[in-house]
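Reading through the C-alpha cells given below for one structure.
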2 protein chains.
Amino acid sequence: MRINPEIKDIPGRWYNIIPDLGFLVPTPMSTSGYPITYNDMDQLSSSAIINQELERKIREISIPREIVSFYANWRPTPLYRAENLEKMLGTSARIFFKDEGANSSGGHEMNTALPQAYYASREKGVKCVVTATGNGEWGAALAIACNYFGLKCKVFMVHSSYEQKPYGRYIMEILGAEVIPSPSQTTRFGQKEIAENPDSNGSIGLALSEAFEDAASRDDTKFAWGTVMNHVLLHQTVIGLEAKNQLKRIGVNPDVLISAVGGGSGFGGLIFPFYPDRGKNTRMIAVETASAPSLAKGRYAYDYSDAKGLSFMLKMYTLGHGFVPPGIRAGDMRYHGISPLISALYRENKIEAKSYLQLQAFEAAITFARTEGMIPSPESAYAIKAVIDEAASCKEKNESKDILFILDANSNLDLSTFKDFADGALKNITSSENEIQEALNHLPAVHSD
Amino acid sequence: MRINPEIKDIPGRWYNIIPDLGFLVPTPMSTSGYPITYNDMDQLSSSAIINQELERKIREISIPREIVSFYANWRPTPLYRAENLEKMLGTSARIFFKDEGANSSGGHEMNTALPQAYYASREKGVKCVVTATGNGEWGAALAIACNYFGLKCKVFMVHSSYEQKPYGRYIMEILGAEVIPSPSQTTRFGQKEIAENPDSNGSIGLALSEAFEDAASRDDTKFAWGTVMNHVLLHQTVIGLEAKNQLKRIGVNPDVLISAVGGGSGFGGLIFPFYPDRGKNTRMIAVETASAPSLAKGRYAYDYSDAKGLSFMLKMYTLGHGFVPPGIRAGDMRYHGISPLISALYRENKIEAKSYLQLQAFEAAITFARTEGMIPSPESAYAIKAVIDEAASCKEKNESKDILFILDANSNLDLSTFKDFADGALKNITSSENEIQEALNHLPAVHSD
C-alpha cells in the first residue's frame, strides 16, 4: 500500500452516463430473445457487478473504500501537456493526455480488474475469476487484482497470441495466473472447435465462449469482462473524472476529446465524464482501426458478445460475431463490436468516428515517442494519429483548440511490433467488403431489430 | 510536461555525501598515474559534470530549475509498504520500498540521464551524447533525455545483449537512438577486438572503451556514465531525499536500508541521504550477485573503469578490468567493480555486503510479484532476497524493525528471463577462484596501492 496516498484527489464515485444520455439505451437480450434480467447474469457475475450493469437511474455510484485504497497505489494518474509534440507540429492547438500506462499492469485495465476481483471475493464460495484476453495487459491486471483478494485467476488466451506474443503470457504466469490457450480441451466449445478445425488460431470471441462456459459450469468461479459492458466503462470513469478535475485546476475545458476504441473502455473511461457538461461545439471522437471498422462498416444490431453465442446479445455496431479480423497488432481492437453505450452515442450522432490503417497509427506513435519520451500502446497509436490530424487542422485554420486524449497503456508487451514496423515488416491489412458482408449475414435474428 | 506538478515535493538539491563521510575518498587516477584533474576529464564530460564529480566540500548541489521540471514528469515516485509480503512472511518487521520503475524508461536511470543530457546540451558545439549499455533501461533513459534537449544519442551495446535481449535495443531505436553492437568496426578498440576475436560477444567494459574512444575523438560528443561515478550517485540521491521525507511524514526512520549493487547508483541514490542521520544501529546493506562478487572476493585497488584501460583508474573493490563475469541475467550487475564511494564505505566498515545466487533472487522476485503485484527487475530481485531474509530474522528474534529497499526498475525488458526461470532454464553460475585470481593478477600497477 502506498504511503501518504493522495486519497482526496481520487474520485469517490464512478460516473454512470446512462441517466444523462437523453435517450434510451437498448438492454442486453438473453440468447432466447428476452431482455436480460438479474437472474440471467447471476451465474457469470457477482451481484454488485450485475446491479452496476443494469443501473439506469443513479448517476454516481460509490467506490468501496477498499478499492479507493488500492486505486491510490497508482492514482491519480498524471495528466500531461504534449508541448514537444505541439512544437514539432507547429500547431496552435494545445494537446493534453491522460497517462494510464504508469502502473504495474501497464494499462488502464487495472481500474476495472480491481473492483471486479473485489466484488467476486465478497461472494460466498467464490474462489476463482476467469476471463479471456487477446494480448496480456488485461490478464495481467486481473492476475494482480486476484492476488490482492486471494482469488485464483484463470485466463483463456487467444491461441495465436499465446504463441506469437509470449510476453503477455509470461507476465500473467509470473503473477500466478493459469493461462490456457484457446481453443482448449478444457471446455465443450473448445473441444468442438478443435475437432472441426485442428489448426485453429482462436479468436477473442471464441476465448470468451470458453471463459463463459468455464464460469457457468463452476459455482466457485465468476467471469470478468475486460471491456464492452456498462459496468467496465463505469469503473473506467475514474480516468475522466480525474482528468476533468486536473484540467479544471488550470482552467481548461477541452474542445476535442479523442480515444481509440476496441471494446470501448478507454473511450468511456476518459470521455463519458465530460459528456454532461460538454459545450455545443465539443467534439468526441472514437478512433477505430480500419481493419475492424465496426462503426464505419458494421450494422447497429443485436449480436452475440462471443463467437459461439453462449452469452447474451448486445445491441451494438457489429461486424458480426463470426467476423474474423485480419491479424493487426493492436489486439484489443480486433473485437467484432463496440460497447453498446458508445454504439448508442454514435447512433444518436453525439460522437464522431474515425478510422486509420495500422501503418498510419504506428508512424504517429513513433513521432509521439520521440517528442514526448513515451512509447504508446498500439491502441493509443490510433488515437495519436487522430490527435495529430486534429492539431494539423487547427494549424491550417489557425484555431487554438484544446485537445485531450487517453494514452491507455504503455508498450511493454508490444516492443517487437514497433520493431517490425521499423523494419517494414508490417502491412496495412483490411477485410474485403465480401468478408464483412458474409459475417453480417449471420447476425442472430431478433424481432426488435 | 505534467499538469499541476508536485514541485514542492521534489528535492531542489542533490545530496553530496563526501563532506559527511568522515574519511577521505581516494581520487580517480589518470592512466599515466596522476590524480585526475578537470582537464583530464574535459574531453569526455561537460563542465558541470566534471565539477560535480570532483566536488568534495559542498553538501548540497542545486538542481537546475529545468531539471526539476522534467523530474516532475514522474517524481516524486511512490513509496510503498509491502503489507501483503509482510503478511505472507508472518514477520514482525515493516517493509517499505521506493518504486523507481514507474516512468517511461522503466528504471531509476532517468534521474541521471536528464541532467547529463541537459548539461551536455548547454556546452557549445555539443550535438551528441554517447554511452555504453548492457541491457536497455539506461540507454532508453538517455535516448529520452537526449530527445528532450535536441541531442543525438549513440549507444554501444554489448553484442550478446544486442542479439539476445532485443527488446532493449528495440526500445532505444524506437526512441531514435543509434545502437551499435560492441565490439564494432566504428572504433579502433572495436576493430582490434574483432581482429583478435572475430566471435567476440563483447562486455560492458569493452563497450565502455568504445564509447570513450568515440567521445574522445569527436568535439561535438560527450560521454554519459550510467553508474559508478560520483556525479551519477549524486543525481540519484533524489530517490533517498524523497524517501526520507515520505517516511518522516509517517514518523519512520528505517533501521535497515537495502539495495542491490551493480555499479552502485541505486544504492547511492536511496541510501546516501540517510547516511548523515543514521542511528548507531542503522544497517546499510549492499547486495551483490555471487556471480560477480566485487565486495566479497574482489580487491580494494586502483583499476581501470573500462576493459581496455582507456579512461582513468578508480580506487574500488574490483575483480579486475579483465574479469568476464558469467552470463547471469541481471545485466547491470556484471560490471567488474563497484562505485568508489560505496567501495570506500565498505572498506571503512560503514556498510555491510551480502551476495546471493540468481536462483535465490528470482525465487524472491516471484514471491514479491505475487504478493505486491509488481514484477521487479532482476537487479531488484537480489535486494528483495535480502529483504526477505532480514524479515525472517526479525520474525525469529521477534524484532519490529523498519526495512527500506529500492525497486530500481520494472521488469519490462526482462520478462523472458522470468519465464526461463519458471521453466527451470536458469542455473546458478559463478566464476572459479582461479578465474577471479587470474583477473586480479592483471590489475594495473599503481604506486599508491
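Residues in the C-alpha cells are named by chain (A, B, ... in the order shown) and by number from 1 within that chain; ligands are numbered from 1 in the order shown.
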>> So that I can check the secondary structure, give me every residue of range 248-325 of chain B assigned helix (DSSP H, G or I) by backbone DSSP, as a PyMOL selection string.
In response: chain B and resi 248+265-274+294-297
> Using only C-alpha atoms, which chain B residues lie at most 6 Å away from chain A, written as a PyMOL selection string?
Replying inline: chain B and resi 1-3+79-81+102+104+144+170+175+370+373-374+412+419
> Which neighbours of Ser200 in chain A fall inside 8 Å, counting only C-alpha atoms, when residues of the same chain fewer than 4 positions from it are skipped, and could you give them as a PyMOL selection string?
Replying inline: chain A and resi 159+183+193-194
>> If I take CA of Asp219 in chain A and CA of Asn51 in chain A, how far is one from the other in Å, to one decimal?
In response: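 A separation of 19.4 Å between them.
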>> I'd like the neighbourhood of Leu295 in chain A as a list in words, where a residue qualifies if any of its atoms comes within 8 Å (using only C-alpha atoms), though same-chain residues fewer than 2 positions away should be ignored.
In response: Glu288, Pro293, Lys297, Gly298, Arg299, Tyr317, Thr318, Ile338, Ser343, Tyr346 and Ala353 of chain A
>> Neighbouring residues of range 89-91 of chain A were defined as those with any atom within 9 Å, considering only C-alpha atoms; residues of the same chain fewer than 6 positions away were excluded. Please report them as a PyMOL selection string.
In response: chain A and resi 388+391-396+398-400
